[in-house]
Amino acid sequence: MQWVNAIVQGILLGGLYALFACGLSLMFGVMRVVNLAHGDFAVLAAYLALAVITGLHVPMLWSALIVAPLFAGLGYVVQRVIIQRSLDVSPVTTLLVTFGLSIVLQNGMLEAFSANSHSLPSGVLAAGSFRLSPQLSVGYLSLIVFAAAVALIAGLQLFLSRAPLGRRIRAAADDPEAAAIVGTDVRHVFGIAAAIAFATVALAGIAFGGYSSFDPAAGPQRLIFAFEAVVIGGIGSLWGTLLGGIILGVAQALGAQVDSGFGVLAGHLVFLAVLALRPSGLFRVRLT
Amino acid sequence: MSEPTPRPIRVTRSRRPATASAVLSAIAVVALLSLPYVVYANVTSLLVNLFILLVLATMWNLLAGYAGLVSVGQQAYIGLGAYIVLVLAQNGVSPFLGIPLAAAGCAIAALPLSLLVFRLRNEYFAIGTWVVAEAVQLIAVRFPSLGGGTGASLPGLGGWDPALRLALTYWAALAVVVLALAGAYLLLRSRLGLDLTAIRDDEVGARSVGVGVSRAKRIVYVVAAGGAGAAGSLLIISQLNVQAGSVFSVQWSAYMIFVAVIGGLGTIEGPILGTVIFFALQQTLAERGAWYLVVVGGLAVLIAMYAPQGLWGLVSERFDLRLFPVGYWLHGDDAHTEGFFGRLRRLVGRD
């Protein structure tokens with residue numbers, strides 16, 4: 001029964017990883033940018049949510065209504081001012097610049113918020129759970145996060161394939177020059193894609209803050225898990241990312257079941273095995 | 001009317017002979033060698049840290065500046081190098097003898113790992129190397145004999161006279177730096193260096209004229225792993241203990257990237273200048289805690305965006321200065337060479 005429990009919790013944890021991976025996947029799919037500060041922005045969102053929750057006395061989930069739009073604006077500005085400029089220099093520059101941003105954010109947050117860890121007060125969400133059997137219960141929060149991940153992926157997929165703006169984003173991603181010729185302001189469209197990606201980063205950061213405690217140095221590991229979910233699932237496939245997140249979550253939960261210190265390493269080993277045996281991922285479908 | 005006799009065409013490594021910088025380098029090495037007789041050990045200990053950083057930045061510059069491989073996971077080899085020295089010392093091998101063995105061990109380990117991380121495209125290669133570093137760290141802490149997560153102290157140097165030990169550590173670090181810089185210099189002047197310079201300037205173009213791009217990249221990755229391993233072995237020898245969370249920290253990647261970017265990617269001189277600037281900033285901002293990384297990181301971001309050739313690039317452009325010439329320069333400015341070669345030289349724009 002312990003093993004079944006581990007698998008169930010692992011699947012739900014996979015929803016959180018997929019939520020983290022959405023923004024990474026979108027930024028790479030549209031702008032060919034790997035944002036190495038992805039995890040640190042998520043941690044920043046968690047701190048922002050903490051300020052909103054304690055300042056305005058709103059429940060945890062409501063903080064998303066303030067933090068996500070703020071992050072969308074931040075994403076647009078970061079894309080237009082920093083990432084676009086780096087893209088114009090060279091692809092390598094975007095890696096150097098986002099890595100630099102990551103270190104600046106981590107140490108800036110360390111100075112601003114100290115190294116103490118915090119967690120978001122999730123109240124009834126954290127404590128409450130469905131009891132499926134005496135040994136197996138599913139927390140409200142992890143169910144909500146999983147459902148949010150599924151809804152977000154379905155929504156993004158629908159938006160990119162059907163909505164006029166989604167089609168413009170795909171056009172700009174496929175061929176920026178041709179998109180510009182037919183009248184698309186590519187830089188603006190890239191900014192919008194980054195805004196959407198950053199809004200998902202905010203959601204992931206809030207979910208993470210509700211799940212577990214966070215500190216200024218928590219970002220890189222979030223980036224790594226998101227990246228592993230993307231590669232296991234297959235680069236470019238949003239549904240594959242969900243599957244990759246689930247596989248990673250289950251591997252970590254089962255690993256932790258074997259030995260409490262083995263969870264994260266088990267996830268890395270599954271990732272490396274996929275890279276060695278099936279480098280294009282388990283679920284190869286094009287995003288656009 | 002007689003035709004002017006054409007001056008013979010000569011090809012050298014730089015427009016001006018590089019003897020001046022060779023003499024200067026030799027004087028610098030001799031001066032640095034004699035330093036333990038002249039200054040206190042706290043100065044040489046500081047220089048050991050500077051040398052470690054310079055080795056790391058020089059190797060990272062080969063990776064990113066020439067081969068286009070942005071690795072965020074070189075700390076895998078820093079930690080591996082440190083732990084190889086630890087295991088050897090636990091079995092009675094002198095830690096100083098461990099330095100070349102650690103470098104060799106890391107280079108050997110890099111070969112199979114390169115097969116894995118090279119499967120990821122440029123952009124994802126960065127995080128892939130990072131995952132490998134995390135995995136190596138998590139494996140290393142699973143061995144209780146290596147101290148687990150709390151760390152282990154290095155046996156084998158306890159009975160030494162501290163002054164002698166510190167001087168030997170300093171000379172070992174200096175030897176590794178000189179080898180790393182001379183190795184990078186000779187590597188870049190070789191046939192492989194020509195390939196790498198072509199890859200630096202235009203990877204697709206290089207591939208199209210028959211440069212073995214993957215082979216060149218793999219060689220650089222293995223060499224850089226060896227260099228990082230040597231740096232890691234110096235680290236454990238200078239600190240006399242090793243702690244997994246510290247040697248495998250991604251902070252090392254931050255240091256080497258910032259140094260190489262600030263100094264200038266794609267030149268040998270860039271990381272040297274960058275190391276000096278980074279150290280100066282670190283010493284001045286030391287009492288400001290984590291702010292110094294915010295300042296240095298911000299500076300690196302701005303330089304990467306607005307002056308991608310780095311500070312050395314600005315200096316060498318302004319004063320036409322090259323201390324370690326690795327390119328070619330064509331002499332013979334007359335009617336015969338102006339024309340095709342003159343245009344070519346203007347087109348290439350660098351030596």
# chains A, B, ... in the order shown; residues from 1 in each chain; ligands from 1
>>> closest_atom_pairs(of="chain B", to="chain A", cutoff="7 Å", atoms="only C-alpha atoms", output="JSON lines")
{"residue": "B:Leu116", "atom": "CA", "partner": "A:Ala276", "partner_atom": "CA", "distance": 6.0}
{"residue": "B:Arg119", "atom": "CA", "partner": "A:Pro279", "partner_atom": "CA", "distance": 6.7}
{"residue": "B:Glu123", "atom": "CA", "partner": "A:Val34", "partner_atom": "CA", "distance": 6.0}
{"residue": "B:Ile127", "atom": "CA", "partner": "A:Ile224", "partner_atom": "CA", "distance": 6.9}
{"residue": "B:Val131", "atom": "CA", "partner": "A:Ile224", "partner_atom": "CA", "distance": 6.7}
{"residue": "B:Ala135", "atom": "CA", "partner": "A:Leu265", "partner_atom": "CA", "distance": 6.0}
{"residue": "B:Leu138", "atom": "CA", "partner": "A:Leu265", "partner_atom": "CA", "distance": 6.2}
{"residue": "B:Ala290", "atom": "CA", "partner": "A:Asn107", "partner_atom": "CA", "distance": 5.5}
{"residue": "B:Trp291", "atom": "CA", "partner": "A:Asn107", "partner_atom": "CA", "distance": 6.7}
{"residue": "B:Leu293", "atom": "CA", "partner": "A:Val104", "partner_atom": "CA", "distance": 6.6}
{"residue": "B:Val294", "atom": "CA", "partner": "A:Val104", "partner_atom": "CA", "distance": 4.5}
{"residue": "B:Gly297", "atom": "CA", "partner": "A:Gly100", "partner_atom": "CA", "distance": 5.1}
{"residue": "B:Gly298", "atom": "CA", "partner": "A:Val104", "partner_atom": "CA", "distance": 6.6}
{"residue": "B:Ala300", "atom": "CA", "partner": "A:Gly100", "partner_atom": "CA", "distance": 6.7}
{"residue": "B:Val301", "atom": "CA", "partner": "A:Val97", "partner_atom": "CA", "distance": 5.0}
{"residue": "B:Ala304", "atom": "CA", "partner": "A:Thr93", "partner_atom": "CA", "distance": 6.2}
{"residue": "B:Met305", "atom": "CA", "partner": "A:Ser86", "partner_atom": "CA", "distance": 5.6}
>>> residues_around(residues="B:Leu174", least_positions_apart="6", cutoff="10 Å", atoms="only C-alpha atoms", output="PyMOL selection string")
chain B and resi 29+32-33+47-48+50-52+55+168+180
>>> residues_around(residues="A:Ser161", least_positions_apart="4", cutoff="9 Å", atoms="only C-alpha atoms", output="PDB file with all heavy atoms, in the first residue's frame")
ATOM      1  N   LEU A 156      -3.543  26.275 -23.113  1.00  0.00           N
ATOM      2  CA  LEU A 156      -2.447  26.776 -23.950  1.00  0.00           C
ATOM      3  C   LEU A 156      -2.497  26.135 -25.325  1.00  0.00           C
ATOM      4  O   LEU A 156      -2.328  26.806 -26.351  1.00  0.00           O
ATOM      5  CB  LEU A 156      -1.109  26.444 -23.293  1.00  0.00           C
ATOM      6  CG  LEU A 156      -0.501  27.472 -22.349  1.00  0.00           C
ATOM      7  CD1 LEU A 156       0.806  26.943 -21.789  1.00  0.00           C
ATOM      8  CD2 LEU A 156      -0.260  28.783 -23.087  1.00  0.00           C
ATOM      9  N   GLN A 157      -2.733  24.827 -25.332  1.00  0.00           N
ATOM     10  CA  GLN A 157      -2.793  24.093 -26.595  1.00  0.00           C
ATOM     11  C   GLN A 157      -3.898  24.656 -27.489  1.00  0.00           C
ATOM     12  O   GLN A 157      -3.695  24.912 -28.674  1.00  0.00           O
ATOM     13  CB  GLN A 157      -3.065  22.615 -26.271  1.00  0.00           C
ATOM     14  CG  GLN A 157      -2.804  21.659 -27.380  1.00  0.00           C
ATOM     15  CD  GLN A 157      -1.320  21.376 -27.553  1.00  0.00           C
ATOM     16  OE1 GLN A 157      -0.657  22.033 -28.327  1.00  0.00           O
ATOM     17  NE2 GLN A 157      -0.809  20.401 -26.830  1.00  0.00           N
ATOM     18  N   GLY A 166      -2.841  33.355 -30.829  1.00  0.00           N
ATOM     19  CA  GLY A 166      -2.038  32.137 -30.738  1.00  0.00           C
ATOM     20  C   GLY A 166      -1.428  31.788 -32.079  1.00  0.00           C
ATOM     21  O   GLY A 166      -0.263  31.391 -32.163  1.00  0.00           O
ATOM     22  N   ARG A 167      -2.218  31.976 -33.131  1.00  0.00           N
ATOM     23  CA  ARG A 167      -1.692  31.686 -34.471  1.00  0.00           C
ATOM     24  C   ARG A 167      -0.588  32.668 -34.838  1.00  0.00           C
ATOM     25  O   ARG A 167       0.396  32.299 -35.484  1.00  0.00           O
ATOM     26  CB  ARG A 167      -2.826  31.739 -35.492  1.00  0.00           C
ATOM     27  CG  ARG A 167      -3.732  30.521 -35.432  1.00  0.00           C
ATOM     28  CD  ARG A 167      -4.392  30.258 -36.777  1.00  0.00           C
ATOM     29  NE  ARG A 167      -5.321  31.319 -37.148  1.00  0.00           N
ATOM     30  CZ  ARG A 167      -6.639  31.256 -36.905  1.00  0.00           C
ATOM     31  NH1 ARG A 167      -7.155  30.188 -36.333  1.00  0.00           N
ATOM     32  NH2 ARG A 167      -7.429  32.231 -37.252  1.00  0.00           N
ATOM     33  N   ARG A 170       2.534  31.485 -33.173  1.00  0.00           N
ATOM     34  CA  ARG A 170       3.134  30.355 -33.888  1.00  0.00           C
ATOM     35  C   ARG A 170       3.820  30.807 -35.157  1.00  0.00           C
ATOM     36  O   ARG A 170       4.896  30.323 -35.514  1.00  0.00           O
ATOM     37  CB  ARG A 170       2.064  29.323 -34.204  1.00  0.00           C
ATOM     38  CG  ARG A 170       1.886  28.315 -33.092  1.00  0.00           C
ATOM     39  CD  ARG A 170       0.569  27.579 -33.232  1.00  0.00           C
ATOM     40  NE  ARG A 170       0.371  27.063 -34.574  1.00  0.00           N
ATOM     41  CZ  ARG A 170      -0.823  26.945 -35.155  1.00  0.00           C
ATOM     42  NH1 ARG A 170      -1.907  27.304 -34.487  1.00  0.00           N
ATOM     43  NH2 ARG A 170      -0.938  26.472 -36.359  1.00  0.00           N
ATOM     44  N   THR A 288       3.479  23.051 -32.227  1.00  0.00           N
ATOM     45  CA  THR A 288       2.689  23.999 -33.027  1.00  0.00           C
ATOM     46  C   THR A 288       2.242  23.367 -34.328  1.00  0.00           C
ATOM     47  O   THR A 288       2.725  22.326 -34.715  1.00  0.00           O
ATOM     48  CB  THR A 288       3.521  25.244 -33.329  1.00  0.00           C
ATOM     49  OG1 THR A 288       4.740  24.820 -33.912  1.00  0.00           O
ATOM     50  CG2 THR A 288       3.788  26.004 -32.072  1.00  0.00           C
TER      51      THR A 288
END
>>> closest_residue(among="B:Pro100, B:Val242, B:Pro112, B:Gly264", to="B:Glu317", atoms="only C-alpha atoms")
B:Gly264
>>> atom_distance(atom1="atom CA of B:Leu63", atom2="atom CA of B:Gly232")
17.6 Å
>>> atom_distance(atom1="atom CA of B:Thr284", atom2="atom CA of B:Leu265")
24.5 Å
>>> atom_distance(atom1="atom CA of B:Ala133", atom2="atom CA of B:Ala254")
14.0 Å
